[in-house]
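Source file: data_22.txt; contents: compact mmCIF, N, CA and C atoms.
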```
# COMPACT_ATOMS: atom_id res chain seq x y z
N ALA A 1 -89.46 -30.04 109.23
CA ALA A 1 -89.82 -28.78 108.62
C ALA A 1 -89.08 -27.67 109.35
N VAL A 2 -88.58 -26.70 108.58
CA VAL A 2 -87.75 -25.63 109.13
C VAL A 2 -88.35 -24.28 108.76
N SER A 3 -88.50 -23.41 109.74
CA SER A 3 -88.96 -22.06 109.48
C SER A 3 -87.78 -21.24 108.97
N SER A 4 -87.95 -20.64 107.79
CA SER A 4 -86.88 -19.84 107.20
C SER A 4 -87.43 -18.49 106.78
N PRO A 5 -86.56 -17.55 106.43
CA PRO A 5 -87.05 -16.24 105.96
C PRO A 5 -87.95 -16.35 104.73
N LYS A 6 -87.81 -17.44 103.96
CA LYS A 6 -88.63 -17.65 102.76
C LYS A 6 -89.89 -18.46 103.07
N GLY A 7 -90.13 -18.77 104.33
CA GLY A 7 -91.28 -19.57 104.72
C GLY A 7 -90.85 -20.94 105.19
N LEU A 8 -91.82 -21.83 105.36
CA LEU A 8 -91.55 -23.17 105.85
C LEU A 8 -90.89 -24.00 104.75
N MET A 9 -89.76 -24.60 105.08
CA MET A 9 -89.02 -25.46 104.14
C MET A 9 -88.99 -26.86 104.74
N VAL A 10 -89.06 -27.87 103.90
CA VAL A 10 -89.07 -29.25 104.37
C VAL A 10 -87.91 -30.01 103.73
N PRO A 11 -86.72 -29.94 104.35
CA PRO A 11 -85.59 -30.70 103.82
C PRO A 11 -85.77 -32.19 104.06
N VAL A 12 -85.12 -33.00 103.23
CA VAL A 12 -85.24 -34.45 103.30
C VAL A 12 -83.94 -35.06 103.83
N VAL A 13 -84.06 -35.82 104.90
CA VAL A 13 -82.94 -36.61 105.41
C VAL A 13 -83.01 -37.95 104.68
N ARG A 14 -82.02 -38.22 103.88
CA ARG A 14 -82.01 -39.44 103.08
C ARG A 14 -81.33 -40.59 103.82
N ASN A 15 -81.87 -41.79 103.63
CA ASN A 15 -81.31 -43.02 104.22
C ASN A 15 -81.21 -42.96 105.74
N ALA A 16 -82.19 -42.34 106.37
CA ALA A 16 -82.19 -42.20 107.84
C ALA A 16 -82.19 -43.56 108.52
N GLU A 17 -82.78 -44.57 107.87
CA GLU A 17 -82.84 -45.90 108.48
C GLU A 17 -81.45 -46.53 108.62
N GLN A 18 -80.46 -45.99 107.92
CA GLN A 18 -79.10 -46.51 108.00
C GLN A 18 -78.21 -45.68 108.93
N MET A 19 -78.78 -44.63 109.53
CA MET A 19 -78.00 -43.71 110.36
C MET A 19 -78.24 -43.96 111.84
N SER A 20 -77.24 -43.58 112.64
CA SER A 20 -77.41 -43.59 114.09
C SER A 20 -78.21 -42.34 114.47
N LEU A 21 -78.67 -42.28 115.69
CA LEU A 21 -79.39 -41.11 116.18
C LEU A 21 -78.52 -39.86 116.06
N ALA A 22 -77.24 -39.97 116.39
CA ALA A 22 -76.32 -38.83 116.31
C ALA A 22 -76.13 -38.37 114.86
N GLU A 23 -76.07 -39.31 113.93
CA GLU A 23 -75.91 -38.95 112.52
C GLU A 23 -77.17 -38.26 111.99
N ILE A 24 -78.34 -38.74 112.40
CA ILE A 24 -79.59 -38.10 111.99
C ILE A 24 -79.64 -36.68 112.53
N GLU A 25 -79.28 -36.51 113.80
CA GLU A 25 -79.26 -35.18 114.41
C GLU A 25 -78.33 -34.24 113.66
N ALA A 26 -77.14 -34.72 113.31
CA ALA A 26 -76.17 -33.88 112.59
C ALA A 26 -76.70 -33.50 111.21
N GLU A 27 -77.35 -34.42 110.52
CA GLU A 27 -77.89 -34.14 109.19
C GLU A 27 -79.05 -33.16 109.27
N ILE A 28 -79.90 -33.31 110.27
CA ILE A 28 -81.00 -32.35 110.45
C ILE A 28 -80.44 -30.96 110.71
N LYS A 29 -79.43 -30.87 111.55
CA LYS A 29 -78.82 -29.57 111.85
C LYS A 29 -78.21 -28.95 110.59
N ARG A 30 -77.51 -29.75 109.80
CA ARG A 30 -76.88 -29.25 108.57
C ARG A 30 -77.94 -28.71 107.61
N LEU A 31 -79.00 -29.48 107.41
CA LEU A 31 -80.06 -29.07 106.49
C LEU A 31 -80.83 -27.86 107.02
N ALA A 32 -81.06 -27.80 108.33
CA ALA A 32 -81.77 -26.66 108.91
C ALA A 32 -80.98 -25.37 108.73
N ILE A 33 -79.68 -25.44 108.91
CA ILE A 33 -78.83 -24.25 108.71
C ILE A 33 -78.90 -23.79 107.26
N LYS A 34 -78.82 -24.74 106.33
CA LYS A 34 -78.92 -24.39 104.91
C LYS A 34 -80.28 -23.75 104.60
N ALA A 35 -81.35 -24.29 105.19
CA ALA A 35 -82.69 -23.73 104.95
C ALA A 35 -82.78 -22.31 105.49
N ARG A 36 -82.29 -22.09 106.70
CA ARG A 36 -82.36 -20.75 107.30
C ARG A 36 -81.50 -19.74 106.54
N ASP A 37 -80.40 -20.23 105.93
CA ASP A 37 -79.51 -19.36 105.16
C ASP A 37 -79.97 -19.18 103.72
N GLY A 38 -81.09 -19.83 103.35
CA GLY A 38 -81.61 -19.72 101.99
C GLY A 38 -80.77 -20.47 100.97
N LYS A 39 -80.01 -21.48 101.39
CA LYS A 39 -79.11 -22.20 100.50
C LYS A 39 -79.53 -23.64 100.25
N LEU A 40 -80.76 -23.98 100.61
CA LEU A 40 -81.26 -25.34 100.42
C LEU A 40 -81.63 -25.54 98.95
N ALA A 41 -81.07 -26.57 98.33
CA ALA A 41 -81.34 -26.87 96.92
C ALA A 41 -82.68 -27.60 96.79
N ILE A 42 -83.29 -27.50 95.63
CA ILE A 42 -84.57 -28.17 95.36
C ILE A 42 -84.47 -29.67 95.61
N ASP A 43 -83.37 -30.29 95.17
CA ASP A 43 -83.24 -31.74 95.34
C ASP A 43 -83.10 -32.14 96.81
N GLU A 44 -82.81 -31.17 97.69
CA GLU A 44 -82.73 -31.45 99.12
C GLU A 44 -84.11 -31.34 99.80
N MET A 45 -85.13 -31.00 99.00
CA MET A 45 -86.49 -30.89 99.54
C MET A 45 -87.47 -31.81 98.82
N THR A 46 -87.00 -32.66 97.93
CA THR A 46 -87.89 -33.55 97.18
C THR A 46 -87.60 -35.01 97.50
N GLY A 47 -88.62 -35.84 97.32
CA GLY A 47 -88.44 -37.28 97.48
C GLY A 47 -88.61 -37.79 98.89
N GLY A 48 -89.15 -36.98 99.78
CA GLY A 48 -89.35 -37.42 101.15
C GLY A 48 -90.53 -38.37 101.27
N THR A 49 -90.54 -39.15 102.33
CA THR A 49 -91.64 -40.09 102.57
C THR A 49 -92.37 -39.82 103.88
N PHE A 50 -91.71 -39.11 104.81
CA PHE A 50 -92.24 -38.90 106.15
C PHE A 50 -91.70 -37.58 106.67
N THR A 51 -92.57 -36.73 107.21
CA THR A 51 -92.16 -35.43 107.73
C THR A 51 -92.36 -35.37 109.24
N ILE A 52 -91.45 -34.68 109.91
CA ILE A 52 -91.62 -34.35 111.33
C ILE A 52 -91.64 -32.84 111.42
N THR A 53 -92.66 -32.29 112.07
CA THR A 53 -92.75 -30.86 112.26
C THR A 53 -92.90 -30.56 113.74
N ASN A 54 -92.23 -29.53 114.20
CA ASN A 54 -92.22 -29.20 115.63
C ASN A 54 -92.80 -27.81 115.84
N GLY A 55 -94.11 -27.74 115.97
CA GLY A 55 -94.77 -26.47 116.28
C GLY A 55 -94.51 -26.04 117.72
N GLY A 56 -94.00 -26.95 118.53
CA GLY A 56 -93.70 -26.64 119.93
C GLY A 56 -92.69 -25.52 120.09
N VAL A 57 -91.78 -25.37 119.13
CA VAL A 57 -90.80 -24.29 119.22
C VAL A 57 -91.45 -22.92 119.10
N PHE A 58 -92.68 -22.88 118.56
CA PHE A 58 -93.42 -21.63 118.45
C PHE A 58 -94.48 -21.50 119.53
N GLY A 59 -94.49 -22.45 120.49
CA GLY A 59 -95.45 -22.42 121.59
C GLY A 59 -96.74 -23.17 121.32
N SER A 60 -96.84 -23.82 120.18
CA SER A 60 -98.05 -24.58 119.85
C SER A 60 -98.15 -25.82 120.72
N MET A 61 -99.34 -26.07 121.26
CA MET A 61 -99.55 -27.24 122.10
C MET A 61 -99.77 -28.49 121.25
N MET A 62 -100.47 -28.34 120.12
CA MET A 62 -100.69 -29.45 119.22
C MET A 62 -101.19 -28.92 117.89
N SER A 63 -101.10 -29.78 116.88
CA SER A 63 -101.61 -29.40 115.57
C SER A 63 -102.07 -30.64 114.83
N THR A 64 -102.77 -30.42 113.75
CA THR A 64 -103.19 -31.50 112.87
C THR A 64 -102.57 -31.20 111.50
N PRO A 65 -101.38 -31.70 111.28
CA PRO A 65 -100.68 -31.37 110.03
C PRO A 65 -101.29 -32.06 108.83
N ILE A 66 -101.07 -31.48 107.68
CA ILE A 66 -101.56 -32.03 106.42
C ILE A 66 -100.39 -32.64 105.67
N ILE A 67 -100.61 -33.82 105.12
CA ILE A 67 -99.57 -34.54 104.38
C ILE A 67 -99.25 -33.80 103.09
N ASN A 68 -97.97 -33.72 102.80
CA ASN A 68 -97.49 -33.09 101.58
C ASN A 68 -97.13 -34.20 100.58
N PRO A 69 -98.01 -34.53 99.61
CA PRO A 69 -97.72 -35.61 98.68
C PRO A 69 -96.38 -35.37 97.97
N PRO A 70 -95.61 -36.40 97.71
CA PRO A 70 -95.94 -37.82 97.74
C PRO A 70 -95.66 -38.49 99.09
N GLN A 71 -95.47 -37.71 100.14
CA GLN A 71 -95.18 -38.31 101.43
C GLN A 71 -96.38 -39.09 101.96
N SER A 72 -96.10 -40.03 102.87
CA SER A 72 -97.13 -40.92 103.40
C SER A 72 -97.65 -40.50 104.76
N ALA A 73 -96.84 -39.71 105.50
CA ALA A 73 -97.25 -39.34 106.86
C ALA A 73 -96.49 -38.11 107.33
N ILE A 74 -97.07 -37.45 108.33
CA ILE A 74 -96.40 -36.33 108.98
C ILE A 74 -96.67 -36.42 110.48
N LEU A 75 -95.61 -36.29 111.25
CA LEU A 75 -95.69 -36.33 112.71
C LEU A 75 -95.53 -34.90 113.22
N ALA A 76 -96.47 -34.45 114.05
CA ALA A 76 -96.40 -33.11 114.62
C ALA A 76 -96.12 -33.21 116.11
N VAL A 77 -95.13 -32.45 116.56
CA VAL A 77 -94.70 -32.45 117.96
C VAL A 77 -95.07 -31.10 118.56
N GLY A 78 -95.77 -31.12 119.69
CA GLY A 78 -96.16 -29.89 120.37
C GLY A 78 -95.16 -29.50 121.44
N GLN A 79 -95.45 -28.40 122.10
CA GLN A 79 -94.59 -27.90 123.18
C GLN A 79 -94.69 -28.82 124.40
N ALA A 80 -93.56 -29.10 125.03
CA ALA A 80 -93.55 -29.88 126.26
C ALA A 80 -93.85 -28.93 127.43
N ILE A 81 -94.86 -29.27 128.22
CA ILE A 81 -95.24 -28.42 129.36
C ILE A 81 -95.46 -29.29 130.59
N LYS A 82 -95.36 -28.67 131.75
CA LYS A 82 -95.63 -29.37 133.00
C LYS A 82 -97.13 -29.29 133.30
N LYS A 83 -97.70 -30.47 133.67
CA LYS A 83 -99.13 -30.55 133.98
C LYS A 83 -99.35 -31.50 135.14
N PRO A 84 -100.44 -31.30 135.88
CA PRO A 84 -100.78 -32.29 136.91
C PRO A 84 -101.30 -33.57 136.23
N ILE A 85 -100.83 -34.70 136.71
CA ILE A 85 -101.19 -36.00 136.13
C ILE A 85 -101.64 -36.93 137.24
N VAL A 86 -102.73 -37.66 136.99
CA VAL A 86 -103.21 -38.69 137.92
C VAL A 86 -102.65 -40.03 137.44
N ASN A 87 -102.11 -40.83 138.38
CA ASN A 87 -101.54 -42.11 137.98
C ASN A 87 -102.62 -43.07 137.48
N HIS A 88 -102.19 -44.22 136.94
CA HIS A 88 -103.12 -45.17 136.32
C HIS A 88 -104.18 -45.69 137.28
N SER A 89 -103.83 -45.85 138.55
CA SER A 89 -104.82 -46.36 139.49
C SER A 89 -105.75 -45.26 140.00
N GLY A 90 -105.43 -44.00 139.67
CA GLY A 90 -106.28 -42.88 140.08
C GLY A 90 -106.12 -42.49 141.53
N THR A 91 -105.00 -42.88 142.14
CA THR A 91 -104.82 -42.62 143.57
C THR A 91 -103.78 -41.55 143.90
N GLU A 92 -102.93 -41.20 142.93
CA GLU A 92 -101.88 -40.22 143.21
C GLU A 92 -101.85 -39.15 142.13
N LEU A 93 -101.54 -37.94 142.56
CA LEU A 93 -101.42 -36.81 141.66
C LEU A 93 -99.97 -36.35 141.69
N SER A 94 -99.40 -36.10 140.51
CA SER A 94 -98.03 -35.60 140.44
C SER A 94 -97.92 -34.62 139.28
N ILE A 95 -96.79 -33.96 139.21
CA ILE A 95 -96.52 -33.04 138.10
C ILE A 95 -95.60 -33.77 137.13
N ALA A 96 -95.96 -33.73 135.85
CA ALA A 96 -95.16 -34.40 134.82
C ALA A 96 -95.05 -33.49 133.60
N THR A 97 -94.00 -33.70 132.84
CA THR A 97 -93.86 -33.00 131.57
C THR A 97 -94.65 -33.77 130.52
N VAL A 98 -95.53 -33.07 129.83
CA VAL A 98 -96.42 -33.69 128.85
C VAL A 98 -96.24 -32.99 127.51
N MET A 99 -96.25 -33.79 126.46
CA MET A 99 -96.12 -33.24 125.11
C MET A 99 -97.09 -33.98 124.20
N LYS A 100 -97.90 -33.23 123.47
CA LYS A 100 -98.83 -33.86 122.54
C LYS A 100 -98.11 -34.12 121.21
N VAL A 101 -98.35 -35.31 120.68
CA VAL A 101 -97.77 -35.72 119.41
C VAL A 101 -98.92 -36.25 118.56
N THR A 102 -99.05 -35.74 117.34
CA THR A 102 -100.11 -36.21 116.45
C THR A 102 -99.49 -36.74 115.16
N LEU A 103 -100.21 -37.64 114.54
CA LEU A 103 -99.73 -38.26 113.30
C LEU A 103 -100.86 -38.23 112.27
N SER A 104 -100.58 -37.68 111.11
CA SER A 104 -101.51 -37.74 109.98
C SER A 104 -100.92 -38.71 108.97
N VAL A 105 -101.74 -39.66 108.51
CA VAL A 105 -101.25 -40.65 107.55
C VAL A 105 -102.16 -40.72 106.33
N ASP A 106 -101.56 -41.08 105.22
CA ASP A 106 -102.32 -41.36 104.01
C ASP A 106 -102.73 -42.83 104.11
N HIS A 107 -104.01 -43.08 104.35
CA HIS A 107 -104.48 -44.44 104.58
C HIS A 107 -104.38 -45.33 103.34
N ARG A 108 -104.07 -44.75 102.19
CA ARG A 108 -103.81 -45.58 101.02
C ARG A 108 -102.45 -46.23 101.11
N ALA A 109 -101.56 -45.65 101.91
CA ALA A 109 -100.20 -46.16 102.04
C ALA A 109 -99.92 -46.80 103.40
N ILE A 110 -100.58 -46.31 104.45
CA ILE A 110 -100.31 -46.76 105.81
C ILE A 110 -101.62 -47.10 106.51
N ASP A 111 -101.69 -48.26 107.08
CA ASP A 111 -102.86 -48.67 107.85
C ASP A 111 -102.92 -47.83 109.13
N GLY A 112 -104.10 -47.37 109.49
CA GLY A 112 -104.26 -46.54 110.68
C GLY A 112 -103.78 -47.22 111.95
N ALA A 113 -103.96 -48.55 112.04
CA ALA A 113 -103.49 -49.28 113.22
C ALA A 113 -101.98 -49.21 113.33
N LEU A 114 -101.28 -49.28 112.19
CA LEU A 114 -99.82 -49.17 112.19
C LEU A 114 -99.40 -47.77 112.65
N GLY A 115 -100.15 -46.76 112.24
CA GLY A 115 -99.87 -45.39 112.70
C GLY A 115 -100.01 -45.27 114.20
N SER A 116 -101.05 -45.90 114.75
CA SER A 116 -101.24 -45.88 116.21
C SER A 116 -100.11 -46.61 116.93
N GLU A 117 -99.66 -47.71 116.35
CA GLU A 117 -98.53 -48.44 116.94
C GLU A 117 -97.27 -47.58 116.93
N LEU A 118 -97.07 -46.83 115.85
CA LEU A 118 -95.92 -45.92 115.78
C LEU A 118 -95.99 -44.87 116.89
N LEU A 119 -97.16 -44.27 117.07
CA LEU A 119 -97.31 -43.27 118.14
C LEU A 119 -97.03 -43.88 119.50
N ASN A 120 -97.49 -45.09 119.73
CA ASN A 120 -97.25 -45.76 121.00
C ASN A 120 -95.75 -46.02 121.19
N GLN A 121 -95.05 -46.41 120.13
CA GLN A 121 -93.61 -46.65 120.22
C GLN A 121 -92.86 -45.35 120.48
N ILE A 122 -93.29 -44.26 119.85
CA ILE A 122 -92.67 -42.96 120.09
C ILE A 122 -92.84 -42.57 121.55
N ARG A 123 -94.06 -42.73 122.07
CA ARG A 123 -94.30 -42.43 123.49
C ARG A 123 -93.37 -43.25 124.38
N TYR A 124 -93.29 -44.54 124.11
CA TYR A 124 -92.45 -45.43 124.91
C TYR A 124 -90.98 -44.98 124.85
N ASN A 125 -90.50 -44.64 123.65
CA ASN A 125 -89.11 -44.20 123.51
C ASN A 125 -88.85 -42.89 124.24
N LEU A 126 -89.80 -41.96 124.18
CA LEU A 126 -89.61 -40.68 124.88
C LEU A 126 -89.63 -40.87 126.39
N GLU A 127 -90.43 -41.82 126.87
CA GLU A 127 -90.48 -42.09 128.30
C GLU A 127 -89.29 -42.92 128.77
N ASN A 128 -88.55 -43.53 127.85
CA ASN A 128 -87.40 -44.38 128.18
C ASN A 128 -86.23 -44.04 127.26
N PRO A 129 -85.72 -42.80 127.31
CA PRO A 129 -84.69 -42.38 126.36
C PRO A 129 -83.41 -43.19 126.44
N GLU A 130 -83.13 -43.77 127.59
CA GLU A 130 -81.89 -44.56 127.71
C GLU A 130 -81.91 -45.75 126.77
N LEU A 131 -83.09 -46.26 126.43
CA LEU A 131 -83.18 -47.39 125.51
C LEU A 131 -82.83 -46.95 124.08
N MET A 132 -83.22 -45.74 123.70
CA MET A 132 -82.87 -45.25 122.37
C MET A 132 -81.37 -45.05 122.25
N LEU A 133 -80.76 -44.54 123.30
CA LEU A 133 -79.32 -44.28 123.26
C LEU A 133 -78.53 -45.58 123.21
N ALA A 134 -79.07 -46.65 123.81
CA ALA A 134 -78.38 -47.94 123.84
C ALA A 134 -78.32 -48.56 122.45
N LEU A 135 -79.22 -48.17 121.55
CA LEU A 135 -79.26 -48.75 120.21
C LEU A 135 -78.14 -48.23 119.33
N ASN A 136 -77.58 -47.08 119.67
CA ASN A 136 -76.57 -46.46 118.80
C ASN A 136 -75.17 -46.81 119.21
```

As structure tokens - that is how I would like this structure written.
Amino acid sequence: AVSSPKGLMVPVVRNAEQMSLAEIEAEIKRLAIKARDGKLAIDEMTGGTFTITNGGVFGSMMSTPIINPPQSAILAVGQAIKKPIVNHSGTELSIATVMKVTLSVDHRAIDGALGSELLNQIRYNLENPELMLALN
């Protein structure tokens, strides 16, 4: 989702499953520029299945986004901030960058357990970015 002078626009990246991470990034950038310039065509905003929205750029810590039919899910990314964190054993305190990520799904299309698995995979990928880069 892109904030534009005309309001929030949701361009569609088509065939993302066939693209590398760099190609997806380039397509998102191209569509975002068109949205901000008011040149996004209707067909570039229809037919999506999954939305990613980043309220973090506006300072939002987290949100509960609403699905825009006919899409099946929307992932909301909050602002990354530094926070004190206690390790798993509860014995050490450190400062870490933390970002809240929420997922809203249409349970008629996606099982809630699958949505939770997706969030866990996203967390794992963000904590291990070198693995994502190795795939491309």

Picked from region 11-124 of chain A by DSSP as alpha helix (DSSP H), as a PyMOL selection string: chain A and resi 21-36+112-124

Near-Phe50 (chain A) list (8 Å; all atoms listed in the file; drop same-chain fewer than 3 positions) as an MDAnalysis selection string: chainID A and resid 12 47 53 70:75

Gap from CA of Ile81 (chain A) to CA of Asn68 (chain A) - Å, one decimal: 28.3 Å

Expected answer as a list in words: strand (DSSP E or B) residues in region 10-103 of chain A: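 Matching residues for strand (DSSP E or B) in region 10-103 of chain A are Phe50, Thr51, Ile52, Thr53, Asn54, Ala73, Ile74, Leu75, Ala76, Val77, Ile81, Lys82, Lys83, Pro84, Ile85, Val86, Leu93, Ser94, Ile95, Ala96, Thr97, Val98, Val101, Thr102 and Leu103 of chain A.
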
Computed interatomic separation between CA of Gly59 (chain A) and CA of Gln79 (chain A) (Å):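 Interatomic distance, CA of Gly59 (chain A) to CA of Gln79 (chain A): 5.8 Å.
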
Point-to-point distance from CA of Phe58 (chain A) to CA of Glu127 (chain A), Å rounded to tenths: 22.9 Å

Starting from 8 Å padding per side, set up an axis-aligned box that covers all listed atoms of region 21-25 of chain A and hand over centre and edge lengths in Å, one decimal, as JSON.
```
{"center_x": -77.8, "center_y": -38.3, "center_z": 114.2, "size_x": 19.7, "size_y": 24.0, "size_z": 20.4}
```
